[in-house]
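Written below as structure tokens is the structure these notes are about.
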Amino acid sequence: MLDTSLLSEFELDWHLAGKSPRTAANYRNELAKLLVQFSDPTLTNVKSWISSTESMVVRRKRGQAVRALGRWAEEHEYGFFEWWRRVPLAREVQRPQQTCVESDYREALTRVRTLRDRALIEILWSCGLRRGEIANLVVEDVNLADGFLIIRKSKTGRPRVAPLSPAGRHALRRLIAGRKEGYVFEMTTNAIRLRLQRLRLPSAHAWRRGWAVESLRKGVSESSVRAVAGWSSGAMVARYTRALSGELAISEFQRAWQERPGTSQ
């Protein structure tokens, strides 16, 4: 029978597998709610529980949580949730999301007023960092000599590095000149959001999507984009670039033709 101790073991194994701690915590919270209503849930109980909320997002998350636990239980032969494959997943509606393009970047540079503004735009465009990662960036993690940033705190909990563009390196050098320690931007995540709004610029996520698309357009491999972004699979790359997949494919073929001998016009 499923109990809270098994939920703890499930969460721990999720962490040890290198998966997102936040996702594990969210799954455990949802599953704990399920056990409050049903001590030994059946497939019918789970379907009822999932459908009890009107939120399509929550329905999908609940279904994902049950499936993840069921898959884990099967792998470890615990003998519960054997019907996990039959748990329905609510269809996620994909809404158009703003994605920055190079013209947005050029326009942003005309609106900046301070060294910090310029450095913020350069980091958003060349590194695709999340707001929290920008807020947590410290001077010691900026390697100007080799041109990269160390991201110690991220959504997945795993550190990574992000390469700096020449413009980004120059902007950061001016911003942190003379400083040996402390936060690079000295801004909270909310302050970053408000600053972008006051400059009438897209959100940090729009910049992150634009960075991913632009990187692929310029020939950066998907595996490199995933590594720098901190994504464990290609799902987020596909999600961010779905609307522009045709354009990206054309760009890739054109590069390939240019590289082949005897194909130039």
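Ordered as shown in the structure tokens, chains take letters A, B, and onward, while each chain numbers its residues from 1 and ligands are numbered from 1 in the order shown.
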(Q) Would you pick out the contacts of Asn143 of chain A at 10 Å or less, using only C-alpha atoms, so that residues sharing its chain but fewer than 2 positions from it are not included, and give the list as an NGL selection string? (A) :A and (139-141 or 145-150 or 163-164 or 169 or 172-173)
Q | Expected answer as a list in words: strand (DSSP E) residues in segment 130-243 of chain A | A |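 In segment 130-243 of chain A, DSSP puts these residues in strand (DSSP E): Val142, Asn143, Phe148, Leu149, Ile150, Ile151, Arg160, Val161, Ala162 and Pro163 of chain A.
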Write the selection just made, keeping C-alpha atoms, as a PDB file, in the first residue's frame?
ATOM      1  CA  VAL A 142      31.861  36.054 -14.049  1.00  0.00           C
ATOM      2  CA  ASN A 143      34.864  34.836 -16.047  1.00  0.00           C
ATOM      3  CA  PHE A 148      31.510  32.641 -19.594  1.00  0.00           C
ATOM      4  CA  LEU A 149      29.266  32.772 -16.529  1.00  0.00           C
ATOM      5  CA  ILE A 150      28.887  30.115 -13.848  1.00  0.00           C
ATOM      6  CA  ILE A 151      25.225  29.593 -12.955  1.00  0.00           C
ATOM      7  CA  ARG A 160      26.091  25.019 -15.416  1.00  0.00           C
ATOM      8  CA  VAL A 161      28.047  27.510 -17.509  1.00  0.00           C
ATOM      9  CA  ALA A 162      26.743  30.046 -20.030  1.00  0.00           C
ATOM     10  CA  PRO A 163      29.010  31.574 -22.693  1.00  0.00           C
TER      11      PRO A 163
END
Q: Considering only C-alpha atoms, return as a PyMOL selection string whatever protein or nucleic-acid residues lie within 7 Å of Leu43 of chain A, sequence-local ones (same chain, fewer than 3 positions apart) excluded.
A: chain A and resi 46-47+83
Q) What are the DSSP helix (DSSP H, G or I) residues of segment 122-167 of chain A, as a ChimeraX atom specification? A) /A:122-127,131-135,139-141,166-167
Requested write-out: N, CA and C atoms of the selected residues, as an mmCIF file, in the first residue's frame:
data_model
loop_
_atom_site.group_PDB
_atom_site.id
_atom_site.type_symbol
_atom_site.label_atom_id
_atom_site.label_comp_id
_atom_site.auth_asym_id
_atom_site.auth_seq_id
_atom_site.Cartn_x
_atom_site.Cartn_y
_atom_site.Cartn_z
ATOM 1 N N GLU A 122 22.174 42.680 -22.595
ATOM 2 C CA GLU A 122 23.170 41.822 -23.231
ATOM 3 C C GLU A 122 23.128 40.412 -22.660
ATOM 4 N N ILE A 123 22.931 40.292 -21.356
ATOM 5 C CA ILE A 123 22.861 38.969 -20.727
ATOM 6 C C ILE A 123 21.602 38.226 -21.168
ATOM 7 N N LEU A 124 20.491 38.935 -21.222
ATOM 8 C CA LEU A 124 19.248 38.313 -21.662
ATOM 9 C C LEU A 124 19.359 37.813 -23.096
ATOM 10 N N TRP A 125 19.979 38.598 -23.959
ATOM 11 C CA TRP A 125 20.042 38.256 -25.385
ATOM 12 C C TRP A 125 21.113 37.205 -25.678
ATOM 13 N N SER A 126 22.231 37.254 -24.962
ATOM 14 C CA SER A 126 23.332 36.351 -25.310
ATOM 15 C C SER A 126 23.406 35.098 -24.448
ATOM 16 N N CYS A 127 22.714 35.077 -23.309
ATOM 17 C CA CYS A 127 22.818 33.923 -22.404
ATOM 18 C C CYS A 127 21.482 33.224 -22.146
ATOM 19 N N ARG A 131 15.226 35.049 -14.757
ATOM 20 C CA ARG A 131 15.343 36.203 -13.860
ATOM 21 C C ARG A 131 16.049 35.837 -12.560
ATOM 22 N N GLY A 132 15.689 34.678 -11.992
ATOM 23 C CA GLY A 132 16.302 34.263 -10.743
ATOM 24 C C GLY A 132 17.793 34.024 -10.887
ATOM 25 N N GLU A 133 18.201 33.500 -12.032
ATOM 26 C CA GLU A 133 19.616 33.246 -12.266
ATOM 27 C C GLU A 133 20.387 34.553 -12.415
ATOM 28 N N ILE A 134 19.755 35.541 -13.030
ATOM 29 C CA ILE A 134 20.394 36.855 -13.150
ATOM 30 C C ILE A 134 20.510 37.500 -11.772
ATOM 31 N N ALA A 135 19.438 37.420 -10.988
ATOM 32 C CA ALA A 135 19.444 38.029 -9.654
ATOM 33 C C ALA A 135 20.504 37.390 -8.748
ATOM 34 N N VAL A 139 29.728 38.398 -8.648
ATOM 35 C CA VAL A 139 30.921 38.828 -9.383
ATOM 36 C C VAL A 139 31.912 37.683 -9.557
ATOM 37 N N GLU A 140 32.056 36.849 -8.521
ATOM 38 C CA GLU A 140 33.021 35.755 -8.585
ATOM 39 C C GLU A 140 32.696 34.733 -9.670
ATOM 40 N N ASP A 141 31.445 34.720 -10.131
ATOM 41 C CA ASP A 141 31.025 33.744 -11.140
ATOM 42 C C ASP A 141 31.115 34.286 -12.561
ATOM 43 N N PRO A 166 30.727 38.690 -27.094
ATOM 44 C CA PRO A 166 31.676 39.805 -26.942
ATOM 45 C C PRO A 166 31.017 41.061 -26.373
ATOM 46 N N ALA A 167 29.794 41.369 -26.850
ATOM 47 C CA ALA A 167 29.089 42.554 -26.336
ATOM 48 C C ALA A 167 28.718 42.367 -24.875
#
**Q.** Selected residue, from A:Val87, A:Glu82, A:Leu35, A:His15, that lies nearest to Ser51 of chain A when counting only C-alpha atoms
**A.** A:Val87
Q. Leaving out Pro88 of chain A and any residue of its chain fewer than 5 positions from it, which residues lie within 12 Å of it when counting only C-alpha atoms, given as JSON, numbers by chain?
A. {"A": [43, 44, 46, 47, 48, 49, 50, 51, 59, 60, 61, 62, 63, 64, 65, 66, 67, 83]}
Q.
Would you compute the distance between atom CA of Val138 of chain A and atom CA of Ser215 of chain A? Give it in Å to one decimal.
A. 24.9 Å
(Q) Let me make sure I understand: among A:Trp14, A:Trp231, A:Leu2, A:Ala206, which one has the smallest atom-to-atom distance to Asp104 of chain A if we use only C-alpha atoms? (A)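 Among the listed residues, A:Ala206 lies closest to Asp104 of chain A.
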Q: Rank nothing, just name the residue among A:Val36, A:Leu137, A:Tyr183, A:Ala108 nearest to Gln197 of chain A, using only C-alpha atoms.
A: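 The shortest atom-to-atom distance to Gln197 of chain A comes from A:Ala108.
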